[in-house]
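Note: the block below is upload-v7.cif and it holds mmCIF, C-alpha atoms.
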```cif
data_query
loop_
_atom_site.label_atom_id
_atom_site.label_comp_id
_atom_site.auth_asym_id
_atom_site.auth_seq_id
_atom_site.Cartn_x
_atom_site.Cartn_y
_atom_site.Cartn_z
CA MET A 1 135.75 70.30 66.69
CA LYS A 2 139.21 71.85 66.75
CA ALA A 3 141.50 71.50 63.76
CA ASN A 4 144.75 72.99 62.49
CA CYS A 5 143.91 74.86 59.27
CA TRP A 6 145.89 76.43 56.46
CA ILE A 7 145.13 80.15 56.33
CA SER A 8 147.65 81.56 53.84
CA PRO A 9 151.28 80.90 52.90
CA ASN A 10 153.28 80.39 56.11
CA VAL A 11 150.19 80.81 58.32
CA VAL A 12 148.28 78.00 60.04
CA LYS A 13 145.76 78.37 62.84
CA VAL A 14 143.85 76.06 65.18
CA THR A 15 140.20 76.90 64.83
CA GLU A 16 136.71 75.45 65.17
CA VAL A 17 135.43 73.57 62.12
CA PRO A 18 132.33 71.38 61.60
CA ASP A 19 132.59 67.82 62.88
CA PRO A 20 133.05 65.27 60.08
CA ALA A 21 130.12 63.05 59.17
CA ILE A 22 129.58 59.86 57.19
CA LEU A 23 129.14 60.96 53.56
CA ASN A 24 129.57 57.66 51.73
CA ARG A 25 128.49 54.21 52.80
CA ARG A 26 132.08 52.94 53.24
CA ASP A 27 133.25 55.89 55.37
CA ALA A 28 134.33 55.77 58.98
CA ILE A 29 134.84 58.50 61.56
CA VAL A 30 138.04 58.27 63.60
CA LYS A 31 138.57 60.04 66.92
CA ILE A 32 142.20 61.05 66.64
CA THR A 33 144.60 60.21 69.46
CA SER A 34 147.85 61.26 67.76
CA SER A 35 148.89 63.08 64.60
CA ALA A 36 152.18 64.45 63.35
CA ILE A 37 153.70 67.26 61.32
CA CYS A 38 155.47 65.95 58.23
CA GLY A 39 158.22 67.56 56.18
CA SER A 40 155.93 67.48 53.15
CA ASP A 41 153.42 69.58 55.11
CA LEU A 42 155.95 72.38 54.86
CA HIS A 43 155.53 72.41 51.08
CA LEU A 44 151.87 73.24 51.67
CA LEU A 45 152.71 75.76 54.36
CA ASP A 46 155.11 77.58 52.05
CA GLY A 47 152.68 77.60 49.14
CA TYR A 48 154.81 75.56 46.73
CA VAL A 49 152.14 72.88 46.34
CA PRO A 50 149.25 74.70 44.63
CA THR A 51 145.49 74.65 45.22
CA MET A 52 145.45 75.10 49.00
CA GLN A 53 142.41 77.03 50.21
CA ARG A 54 141.85 79.03 53.37
CA GLY A 55 140.46 76.76 56.07
CA ASP A 56 141.80 73.47 54.68
CA VAL A 57 142.52 71.05 57.55
CA MET A 58 146.17 70.00 57.55
CA GLY A 59 147.83 66.69 58.31
CA HIS A 60 148.18 63.26 56.73
CA GLU A 61 149.84 61.27 59.54
CA PHE A 62 147.27 60.25 62.13
CA MET A 63 145.76 57.43 64.14
CA GLY A 64 142.96 56.95 66.64
CA GLU A 65 139.79 55.07 67.55
CA VAL A 66 136.96 54.29 65.14
CA VAL A 67 133.77 55.79 66.55
CA GLU A 68 131.37 55.31 63.62
CA VAL A 69 131.29 53.28 60.41
CA GLY A 70 129.10 53.51 57.33
CA PRO A 71 126.56 50.78 56.55
CA ASP A 72 128.65 49.16 53.78
CA VAL A 73 131.92 48.90 55.73
CA ASP A 74 132.96 45.26 56.06
CA ARG A 75 132.58 44.62 59.81
CA ASP A 76 135.05 41.74 59.58
CA ARG A 77 137.70 44.30 58.70
CA LEU A 78 136.68 47.34 60.72
CA ARG A 79 134.17 48.24 63.38
CA ALA A 80 133.58 50.90 66.03
CA GLY A 81 136.05 50.66 68.88
CA ASP A 82 138.99 49.52 66.74
CA ARG A 83 142.31 51.30 67.28
CA VAL A 84 143.75 52.12 63.86
CA VAL A 85 146.56 53.80 61.98
CA VAL A 86 145.35 55.52 58.81
CA PRO A 87 147.56 55.50 55.68
CA PHE A 88 147.96 58.89 54.02
CA PRO A 89 146.86 57.80 50.49
CA ILE A 90 143.19 56.96 50.11
CA ALA A 91 142.75 53.77 48.09
CA CYS A 92 139.67 51.94 46.85
CA GLY A 93 141.32 48.52 46.84
CA ALA A 94 139.61 47.44 43.61
CA CYS A 95 141.00 49.42 40.65
CA ALA A 96 143.87 48.24 38.44
CA ALA A 97 146.41 50.31 40.38
CA CYS A 98 145.27 49.01 43.77
CA ARG A 99 145.24 45.41 42.53
CA ALA A 100 148.85 45.93 41.47
CA GLY A 101 149.74 47.28 44.92
CA LEU A 102 150.14 50.85 43.61
CA TYR A 103 147.86 52.39 46.20
CA SER A 104 149.15 55.97 45.98
CA VAL A 105 147.95 56.14 42.37
CA CYS A 106 144.51 54.66 43.00
CA GLU A 107 142.27 55.49 40.04
CA ASN A 108 139.06 56.11 42.01
CA THR A 109 139.72 58.26 45.08
CA ASN A 110 140.70 61.69 43.74
CA PRO A 111 137.55 63.69 42.95
CA ASN A 112 139.74 66.40 41.42
CA ALA A 113 141.38 64.08 38.92
CA GLY A 114 141.04 66.61 36.10
CA MET A 115 142.98 69.19 38.10
CA ALA A 116 145.80 66.73 38.82
CA GLU A 117 146.02 65.65 35.18
CA LYS A 118 146.91 69.20 34.14
CA LEU A 119 150.04 69.11 36.30
CA PHE A 120 151.00 65.43 36.41
CA GLY A 121 149.54 64.00 33.20
CA HIS A 122 147.52 61.50 35.22
CA PRO A 123 145.95 61.93 38.67
CA THR A 124 147.28 60.55 41.92
CA ALA A 125 145.14 58.99 44.62
CA GLY A 126 143.30 61.17 47.06
CA ILE A 127 145.48 62.19 50.01
CA PHE A 128 144.42 63.41 53.42
CA GLY A 129 145.12 67.08 54.11
CA TYR A 130 147.20 67.62 51.00
CA SER A 131 145.60 70.29 48.81
CA HIS A 132 142.75 70.13 46.34
CA LEU A 133 145.15 68.73 43.77
CA THR A 134 144.86 65.45 45.66
CA GLY A 135 141.14 65.67 46.37
CA GLY A 136 140.69 68.37 48.99
CA PHE A 137 140.19 65.84 51.81
CA ALA A 138 140.34 67.19 55.35
CA GLY A 139 143.45 66.08 57.20
CA GLY A 140 144.16 64.59 60.58
CA GLN A 141 145.60 67.46 62.62
CA ALA A 142 142.21 67.62 64.28
CA GLN A 143 140.04 65.92 66.88
CA TYR A 144 138.18 63.76 64.33
CA ALA A 145 138.59 62.73 60.69
CA ARG A 146 136.42 61.16 58.02
CA VAL A 147 138.12 58.16 56.43
CA PRO A 148 136.78 57.01 53.02
CA PHE A 149 137.08 53.34 51.98
CA ALA A 150 137.56 52.60 55.65
CA ASP A 151 137.68 48.83 55.23
CA VAL A 152 140.62 49.12 52.82
CA GLY A 153 143.07 51.55 54.43
CA PRO A 154 143.18 51.67 58.24
CA LEU A 155 145.38 49.11 59.99
CA LYS A 156 144.07 47.72 63.28
CA ILE A 157 146.54 47.87 66.17
CA GLU A 158 145.70 45.01 68.49
CA SER A 159 148.79 45.17 70.72
CA ASP A 160 149.47 47.59 73.57
CA LEU A 161 152.25 49.41 71.69
CA PRO A 162 152.02 53.15 72.40
CA ASP A 163 150.87 55.52 69.66
CA GLU A 164 154.40 56.85 69.25
CA GLU A 165 155.70 53.44 68.11
CA VAL A 166 153.03 52.86 65.46
CA LEU A 167 151.88 56.35 64.37
CA PHE A 168 154.51 56.59 61.65
CA LEU A 169 153.10 53.55 59.87
CA SER A 170 150.78 56.20 58.39
CA ASP A 171 153.57 57.63 56.23
CA ILE A 172 157.21 58.18 57.10
CA LEU A 173 158.18 54.64 58.10
CA PRO A 174 156.70 52.98 54.98
CA THR A 175 158.09 55.86 52.90
CA GLY A 176 161.59 55.40 54.27
CA TYR A 177 161.33 51.64 53.87
CA MET A 178 160.06 51.90 50.28
CA GLY A 179 162.96 54.21 49.51
CA ALA A 180 165.38 51.54 50.65
CA GLU A 181 163.44 48.68 49.07
CA MET A 182 163.48 50.40 45.67
CA CYS A 183 167.29 50.29 45.86
CA ASP A 184 167.34 46.48 45.64
CA ILE A 185 170.06 46.44 48.30
CA THR A 186 172.50 43.53 48.20
CA PRO A 187 175.10 42.51 50.81
CA GLY A 188 178.09 44.84 50.70
CA ASP A 189 176.23 47.83 49.27
CA VAL A 190 177.06 51.35 50.34
CA VAL A 191 173.88 53.45 50.57
CA ALA A 192 173.94 57.27 50.77
CA VAL A 193 170.87 59.09 52.03
CA TRP A 194 170.35 62.79 51.33
CA GLY A 195 168.49 64.30 54.28
CA CYS A 196 168.69 63.30 57.95
CA GLY A 197 165.16 64.43 58.73
CA PRO A 198 162.58 61.90 59.94
CA VAL A 199 162.14 60.17 56.55
CA GLY A 200 165.88 60.08 55.96
CA GLN A 201 166.50 58.59 59.41
CA LEU A 202 163.95 55.84 58.81
CA ALA A 203 165.30 55.24 55.29
CA MET A 204 168.73 54.70 56.87
CA ASP A 205 167.24 52.28 59.40
CA SER A 206 165.53 50.42 56.57
CA ALA A 207 168.65 50.28 54.40
CA ARG A 208 170.58 48.70 57.27
CA LEU A 209 167.71 46.29 57.95
CA LEU A 210 167.76 45.23 54.27
CA GLY A 211 171.47 44.43 54.38
CA ALA A 212 173.48 47.54 53.48
CA GLU A 213 177.08 47.26 54.64
CA LYS A 214 177.51 51.01 55.12
CA VAL A 215 174.95 53.80 55.32
CA ILE A 216 175.90 57.46 54.94
CA GLY A 217 173.61 60.33 55.94
CA ILE A 218 174.00 63.79 54.35
CA ASP A 219 172.68 66.98 55.96
CA LYS A 220 173.88 70.28 57.44
CA TRP A 221 172.08 70.44 60.78
CA PRO A 222 174.33 69.26 63.63
CA TYR A 223 171.52 67.75 65.69
CA ARG A 224 170.24 65.74 62.73
CA LEU A 225 173.74 64.51 61.90
CA GLN A 226 174.26 63.59 65.55
CA MET A 227 171.00 61.63 65.59
CA ALA A 228 172.24 59.65 62.59
CA GLN A 229 175.64 59.10 64.21
CA ASP A 230 174.00 57.93 67.43
CA ALA A 231 172.12 55.34 65.36
CA GLY A 232 175.43 54.08 63.96
CA TYR A 233 175.64 55.81 60.57
CA THR A 234 178.46 57.69 58.87
CA THR A 235 177.59 61.34 58.21
CA ILE A 236 178.59 64.17 55.86
CA ASN A 237 177.91 67.85 56.51
CA PHE A 238 177.37 69.34 53.04
CA GLU A 239 178.25 72.84 54.24
CA GLU A 240 181.71 71.72 55.33
CA THR A 241 182.81 69.55 52.42
CA ASP A 242 182.11 68.67 48.80
CA VAL A 243 179.64 65.82 49.03
CA ARG A 244 180.60 64.00 45.85
CA SER A 245 184.31 64.10 46.70
CA GLU A 246 183.63 62.87 50.22
CA LEU A 247 181.48 60.03 48.92
CA LEU A 248 184.24 58.99 46.53
CA GLU A 249 186.59 58.82 49.52
CA HIS A 250 184.19 56.52 51.32
CA THR A 251 183.74 54.21 48.33
CA GLY A 252 187.19 53.74 46.80
CA GLY A 253 186.47 56.26 44.05
CA ARG A 254 183.35 54.49 42.70
CA GLY A 255 180.51 56.33 44.41
CA PRO A 256 177.70 54.83 46.49
CA ASP A 257 175.97 51.78 45.05
CA LYS A 258 172.57 53.16 45.94
CA CYS A 259 171.45 56.75 46.65
CA ILE A 260 168.23 57.89 48.33
CA ASP A 261 166.85 61.43 47.99
CA ALA A 262 164.82 61.94 51.17
CA VAL A 263 164.72 65.74 50.80
CA GLY A 264 162.58 66.81 47.86
CA MET A 265 161.52 70.14 46.51
CA GLU A 266 162.89 72.54 49.13
CA SER A 267 166.45 71.27 49.46
CA THR A 268 169.34 73.59 50.25
CA HIS A 269 172.93 73.72 49.02
CA GLY A 270 176.23 74.63 50.63
CA SER A 271 177.19 76.82 47.67
CA THR A 272 175.70 80.32 47.83
CA PRO A 273 175.70 80.92 44.04
CA ILE A 274 174.01 77.59 43.30
CA TYR A 275 171.42 78.18 46.02
CA ALA A 276 170.79 81.73 44.79
CA TYR A 277 170.24 80.52 41.21
CA ASP A 278 167.49 78.05 42.07
CA ARG A 279 165.98 80.22 44.78
CA ALA A 280 165.57 83.10 42.34
CA LYS A 281 163.96 80.85 39.71
CA GLN A 282 161.65 79.41 42.34
CA LEU A 283 160.59 82.80 43.66
CA ALA A 284 159.89 83.92 40.10
CA ARG A 285 157.83 80.71 39.63
CA MET A 286 160.08 79.70 36.73
CA GLU A 287 160.48 76.38 38.56
CA SER A 288 158.57 75.08 41.55
CA ASP A 289 161.21 72.79 43.07
CA ARG A 290 164.83 73.15 44.16
CA PRO A 291 166.44 69.88 43.05
CA TYR A 292 169.93 70.15 44.59
CA ALA A 293 169.70 66.83 46.42
CA LEU A 294 168.35 65.04 43.35
CA ARG A 295 171.08 66.43 41.09
CA GLN A 296 173.77 65.55 43.61
CA ALA A 297 172.47 62.02 44.12
CA ILE A 298 172.48 61.34 40.37
CA LEU A 299 175.97 62.76 39.88
CA SER A 300 177.35 60.93 42.94
CA CYS A 301 175.88 57.48 42.38
CA ARG A 302 178.23 54.89 40.92
CA SER A 303 177.69 53.97 37.28
CA GLY A 304 175.04 51.30 37.02
CA GLY A 305 173.67 52.18 40.45
CA THR A 306 170.20 53.12 41.63
CA VAL A 307 168.81 56.49 42.69
CA SER A 308 165.65 56.20 44.79
CA VAL A 309 163.57 59.35 45.21
CA ILE A 310 161.12 59.57 48.12
CA GLY A 311 161.45 63.31 48.79
CA VAL A 312 158.33 65.06 47.51
CA TYR A 313 158.48 66.99 44.22
CA GLY A 314 155.48 69.03 43.20
CA GLY A 315 156.05 70.40 39.72
CA LEU A 316 158.99 71.42 37.56
CA VAL A 317 162.76 71.42 38.08
CA ASP A 318 165.63 73.03 36.17
CA LYS A 319 169.04 71.62 35.23
CA PHE A 320 168.03 67.97 35.58
CA PRO A 321 171.17 65.89 34.80
CA ALA A 322 169.56 63.69 32.17
CA GLY A 323 172.90 63.05 30.50
CA ALA A 324 174.42 61.54 33.63
CA TRP A 325 171.30 59.47 34.23
CA MET A 326 171.18 58.05 30.70
CA ASN A 327 174.86 57.69 29.83
CA ARG A 328 175.90 56.00 33.08
CA SER A 329 173.15 53.36 33.13
CA LEU A 330 171.54 54.70 36.30
CA THR A 331 168.18 53.39 37.45
CA LEU A 332 165.86 56.10 38.79
CA ARG A 333 162.95 54.87 40.93
CA THR A 334 160.41 56.96 42.75
CA GLY A 335 156.83 57.34 43.92
CA GLN A 336 154.55 58.50 46.66
CA CYS A 337 154.59 55.60 49.08
CA HIS A 338 152.12 52.76 48.54
CA VAL A 339 151.60 52.73 52.29
CA HIS A 340 148.95 49.98 52.44
CA ARG A 341 151.49 47.51 51.03
CA TYR A 342 153.92 47.99 53.90
CA MET A 343 151.87 48.66 57.03
CA LYS A 344 151.35 45.13 58.32
CA PRO A 345 154.88 43.80 57.59
CA LEU A 346 156.42 46.88 59.21
CA LEU A 347 154.13 46.59 62.23
CA GLU A 348 155.48 43.08 62.68
CA ARG A 349 159.06 44.38 62.52
CA ILE A 350 158.22 46.96 65.20
CA GLU A 351 156.63 44.28 67.37
CA HIS A 352 159.77 42.14 66.97
CA GLY A 353 162.01 45.03 67.97
CA GLU A 354 163.70 45.34 64.56
CA LEU A 355 162.59 48.97 64.05
CA HIS A 356 162.10 51.77 66.57
CA PRO A 357 160.46 54.65 64.66
CA ALA A 358 159.71 56.61 67.84
CA ARG A 359 163.42 57.46 68.03
CA VAL A 360 162.86 60.43 65.68
CA ILE A 361 160.32 62.15 67.97
CA THR A 362 161.72 65.23 69.69
CA HIS A 363 158.57 67.21 70.53
CA LYS A 364 155.07 66.31 71.74
CA LEU A 365 152.58 69.18 71.77
CA PRO A 366 148.86 69.63 72.29
CA LEU A 367 146.90 70.27 69.10
CA GLU A 368 146.36 73.88 70.19
CA GLN A 369 150.10 74.47 69.79
CA ALA A 370 150.24 73.21 66.19
CA PRO A 371 151.29 76.63 64.80
CA HIS A 372 154.21 76.65 67.24
CA GLY A 373 155.04 73.12 66.13
CA TYR A 374 155.16 74.20 62.50
CA ASP A 375 157.40 77.13 63.41
CA ILE A 376 160.01 75.10 65.28
CA PHE A 377 159.90 72.29 62.73
CA LYS A 378 160.29 74.53 59.71
CA HIS A 379 163.00 76.71 61.21
CA LYS A 380 164.85 73.87 62.98
CA LYS A 381 164.43 75.53 66.37
CA ASP A 382 165.08 73.70 69.63
CA ASP A 383 166.68 70.82 67.67
CA CYS A 384 163.24 69.87 66.36
CA GLU A 385 163.26 66.64 64.35
CA LYS A 386 159.65 65.42 64.57
CA VAL A 387 156.52 66.86 66.20
CA VAL A 388 153.65 64.72 67.45
CA LEU A 389 150.36 66.49 68.20
CA LYS A 390 147.84 65.33 70.80
CA PRO A 391 144.19 66.52 70.40
#
```

Before anything else, please render the file you have as C-alpha cells.
Amino acid sequence: MKANCWISPNVVKVTEVPDPAILNRRDAIVKITSSAICGSDLHLLDGYVPTMQRGDVMGHEFMGEVVEVGPDVDRDRLRAGDRVVVPFPIACGACAACRAGLYSVCENTNPNAGMAEKLFGHPTAGIFGYSHLTGGFAGGQAQYARVPFADVGPLKIESDLPDEEVLFLSDILPTGYMGAEMCDITPGDVVAVWGCGPVGQLAMDSARLLGAEKVIGIDKWPYRLQMAQDAGYTTINFEETDVRSELLEHTGGRGPDKCIDAVGMESTHGSTPIYAYDRAKQLARMESDRPYALRQAILSCRSGGTVSVIGVYGGLVDKFPAGAWMNRSLTLRTGQCHVHRYMKPLLERIEHGELHPARVITHKLPLEQAPHGYDIFKHKKDDCEKVVLKP
C-alpha cells in the first residue's frame, strides 16, 4: 500500500510499505477514506520529538471503513463494513487509567513504556504515527491502518455526514473541547486562546459553546486571525502589540479569567531577542521546547484564574514562570486529549448543528501530495490552515 513516511528531519515521502495485518486478536484493519495533517505532526517532522525512525508511517487523525476484524473483537461493537473515526490514543479500556476516563495515559498500550519513562517519568498510551516513544505504531496517512483494541476506540458513524464534518473527532475537536472544558468556564468569563491554528479555532468554538462571554484569539498570521474574526472572535496580533497589555485593556485591568495554550513547543514571539534566546537554546538541545505562549498565558491570566495547556510539549523548557503560577493562585491543567471520552457527545453536537469543525479545512489533497501538504502547512503558504488527505 501507499503511505506517507518520515525519512529524516523535514523530509517525508509517499512510498510503498507492506499492507497491515491482524497481529492481535482484538485488532481491526481500516481502509482509510480521509486523514489529516496535524500541527503536532510538525514536531515529528522537525525532529523535536525524539525516536522517529526512517520509514515510520505518519498521521494520527484518520477515519475509514473496517475491512477485517480479529477473532476476539466484540461484534456488537464493531464489525466489517462499519464506518469509523479512530481516536489518536490507543486505549485498552480496562486498566485503572481507562476506567477513570484517562485514555491518553492507558497503562497497557505502549510497548515502549520503558523508553517513555526515561523522558516523562511514566509512559503515555500508545499513539498512532507518533514516534517510538509512544509505541512505534504506524499512522493513518496511508491507504490502510491496523487498529489495536478495535472494540474500544473507533466510533461508528451511522449518519450520512461527510468525512470532513466528523474526521476531526479523531483529535483536534476533542482536544480543543477538552482545553475549554478544563477551564471550568462560567457565564461572563473572558477566555484568551493562544494560537489560531486548527486546535485554537476549535478551542474558541468550544469556549463559546460552554458559555464564555468573550473569546480572544492570539496569533500573528493574518489569515488565521481573519478566520477567527469571521467566526465572531476578538483577535490580537502579537507582532503588532504587547499581548499582556492588550489583554488588560480588554478585561478592565484584571486579565482573562481563563487562558488556553493551543500552540505548544514550537511557538514564536514578536520580540526578536526573546525568540533568539530560546531558538539558540533549542538548536543547542539545551531545551527541546520554546514555551513563549505558555509563559505569556501564565503571566497574562488573572490571579486565581486557570491556564489550560493543550499545545504539545515534548521535553524540557527554560524560564518557566513558577513564581507567577504559585504566588497568584493559578490553576494549571493539561494533558494529551482523552479522545474516547468526548467522541460521542461531540458527534451529537455536530449532528445538532452546534459545532462545524469542517470550517478549518482549507486544503484537500490526494495522499500522493502529502509532502506538499506538509510544506504548505508548516510554512503557512497559500493561507493553509488545515490539510485533509484522500488516499

Could you check how far atom CA of Cys259 of chain A sits from atom CA of Trp194 of chain A, in Å to one decimal?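 Taking atom CA of Cys259 of chain A and atom CA of Trp194 of chain A, their separation equals 7.7 Å.
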
For the file shown, what are the residues hit by the PyMOL selection byres ((chain A and resi 24-40) around 6), laid out as a ChimeraX atom specification? /A:22-23,41-43,61-73,141,143-150,387-390

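Polymer residues near (155.8, 78.9, 38.8): counting all atoms listed in the file with a cut-off of 12 Å, they are Gly47, Tyr48, Val49, Pro50, Leu119, Arg279, Ala280, Lys281, Gln282, Leu283, Ala284, Arg285, Met286, Glu287, Ser288, Asp289, Arg290, Gly314, Gly315, Leu316, Val317 and Asp318 of chain A.
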
Name the residues in contact with segment 163-179 of chain A at a cut-off of 8 Å, using all atoms listed in the file, excluding same-chain residues fewer than 4 positions from it; report them as a VMD selection string. chain A and resid 33 to 35 60 to 63 85 to 88 183 198 to 204 206 to 207 260 262 308 to 310 334 336 to 339 342 to 343 346 to 347 350 356 to 358

Got a sec to resolve the PyMOL selection byres ((chain A and resi 156) around 9) on this structure and send the residues as a list in words?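 Answer for the PyMOL selection byres ((chain A and resi 156) around 9): Arg77, Leu78, Asp82, Arg83, Val84, Val85, Pro154, Leu155, Ile157 and Glu158 of chain A.
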
Determine, counting only C-alpha atoms, which protein, DNA and RNA residues have an atom within 12 Å of an atom of Asp230 of chain A; residues of the same chain fewer than 3 positions away are not included. Present the result as a PyMOL selection string. chain A and resi 201+205+217+222-227+233-235+359-360

List the residues matched by the PyMOL selection byres ((chain A and resi 331-333) around 12) in the displayed structure as a JSON list (two decimals) with C-alpha atoms, in the frame of the given file, ordered by chain and then by residue number.
```json
[["chain", "number", "residue", "atom", "x", "y", "z"],
["A", 178, "MET", "CA", 160.06, 51.90, 50.28],
["A", 179, "GLY", "CA", 162.96, 54.21, 49.51],
["A", 180, "ALA", "CA", 165.38, 51.54, 50.65],
["A", 181, "GLU", "CA", 163.44, 48.68, 49.07],
["A", 182, "MET", "CA", 163.48, 50.40, 45.67],
["A", 183, "CYS", "CA", 167.29, 50.29, 45.86],
["A", 184, "ASP", "CA", 167.34, 46.48, 45.64],
["A", 257, "ASP", "CA", 175.97, 51.78, 45.05],
["A", 258, "LYS", "CA", 172.57, 53.16, 45.94],
["A", 259, "CYS", "CA", 171.45, 56.75, 46.65],
["A", 260, "ILE", "CA", 168.23, 57.89, 48.33],
["A", 261, "ASP", "CA", 166.85, 61.43, 47.99],
["A", 294, "LEU", "CA", 168.35, 65.04, 43.35],
["A", 295, "ARG", "CA", 171.08, 66.43, 41.09],
["A", 297, "ALA", "CA", 172.47, 62.02, 44.12],
["A", 298, "ILE", "CA", 172.48, 61.34, 40.37],
["A", 301, "CYS", "CA", 175.88, 57.48, 42.38],
["A", 302, "ARG", "CA", 178.23, 54.89, 40.92],
["A", 303, "SER", "CA", 177.69, 53.97, 37.28],
["A", 304, "GLY", "CA", 175.04, 51.30, 37.02],
["A", 305, "GLY", "CA", 173.67, 52.18, 40.45],
["A", 306, "THR", "CA", 170.20, 53.12, 41.63],
["A", 307, "VAL", "CA", 168.81, 56.49, 42.69],
["A", 308, "SER", "CA", 165.65, 56.20, 44.79],
["A", 309, "VAL", "CA", 163.57, 59.35, 45.21],
["A", 310, "ILE", "CA", 161.12, 59.57, 48.12],
["A", 311, "GLY", "CA", 161.45, 63.31, 48.79],
["A", 321, "PRO", "CA", 171.17, 65.89, 34.80],
["A", 322, "ALA", "CA", 169.56, 63.69, 32.17],
["A", 324, "ALA", "CA", 174.42, 61.54, 33.63],
["A", 325, "TRP", "CA", 171.30, 59.47, 34.23],
["A", 326, "MET", "CA", 171.18, 58.05, 30.70],
["A", 327, "ASN", "CA", 174.86, 57.69, 29.83],
["A", 328, "ARG", "CA", 175.90, 56.00, 33.08],
["A", 329, "SER", "CA", 173.15, 53.36, 33.13],
["A", 330, "LEU", "CA", 171.54, 54.70, 36.30],
["A", 334, "THR", "CA", 160.41, 56.96, 42.75],
["A", 335, "GLY", "CA", 156.83, 57.34, 43.92],
["A", 336, "GLN", "CA", 154.55, 58.50, 46.66],
["A", 337, "CYS", "CA", 154.59, 55.60, 49.08]]
```

Residue among A:His379, A:Cys384, A:Arg341, A:Ser271 lying closest to Leu365 of chain A, counting only C-alpha atoms: A:Cys384

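Counting all atoms listed in the file and comparing A:Ala100, A:Gly126, A:Lys378, A:Gly188, the residue that lies closest to Leu45 of chain A is A:Lys378.
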
One residue among A:Arg99, A:Val17, A:Leu209, A:Gln296 is nearest to Ser245 of chain A when using only C-alpha atoms, and that residue is A:Gln296

When you count all atoms listed in the file, which of these residues is closest to Gly135 of chain A: A:Asp189, A:Asp56, A:Asp151, A:Asp383?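 Among the listed residues, A:Asp56 lies closest to Gly135 of chain A.
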
For a quick check of understanding, using all atoms listed in the file, which of A:Gly81, A:Gly211, A:Gly93, A:Pro111 has the smallest distance to Pro187 of chain A? A:Gly211

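For the pair atom CA of Pro366 of chain A and atom CA of Trp6 of chain A, the interatomic distance is 17.5 Å.
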
Closest to Ser131 of chain A among A:Gln53, A:Thr241, A:Thr251, A:Ser267, using all atoms listed in the file?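 Of A:Gln53, A:Thr241, A:Thr251, A:Ser267, the one nearest Ser131 of chain A is A:Gln53, counting all atoms listed in the file.
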
What does the distance between atom CA of Tyr313 of chain A and atom CA of Gly55 of chain A come to in Å, to one decimal place? 23.7 Å

Skip Ile218 of chain A itself and residues of its chain fewer than 3 positions away, then list as a PDB file with C-alpha atoms, in the frame of the given file all residues within 7 Å of it, counting only C-alpha atoms.
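Once written, out22.pdb looks like this:
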```pdb
ATOM      1  CA  VAL A 193     170.870  59.090  52.030  1.00  0.00           C
ATOM      2  CA  TRP A 194     170.350  62.790  51.330  1.00  0.00           C
ATOM      3  CA  GLY A 195     168.490  64.300  54.280  1.00  0.00           C
ATOM      4  CA  CYS A 196     168.690  63.300  57.950  1.00  0.00           C
ATOM      5  CA  THR A 235     177.590  61.340  58.210  1.00  0.00           C
ATOM      6  CA  ILE A 236     178.590  64.170  55.860  1.00  0.00           C
ATOM      7  CA  ASN A 237     177.910  67.850  56.510  1.00  0.00           C
ATOM      8  CA  PHE A 238     177.370  69.340  53.040  1.00  0.00           C
TER       9      PHE A 238
END
```

Could you list, as a ChimeraX atom specification, every residue within 12 Å of Ala113 of chain A, counting only C-alpha atoms and ignoring same-chain residues fewer than 4 positions away? /A:105-109,117-127,132-136
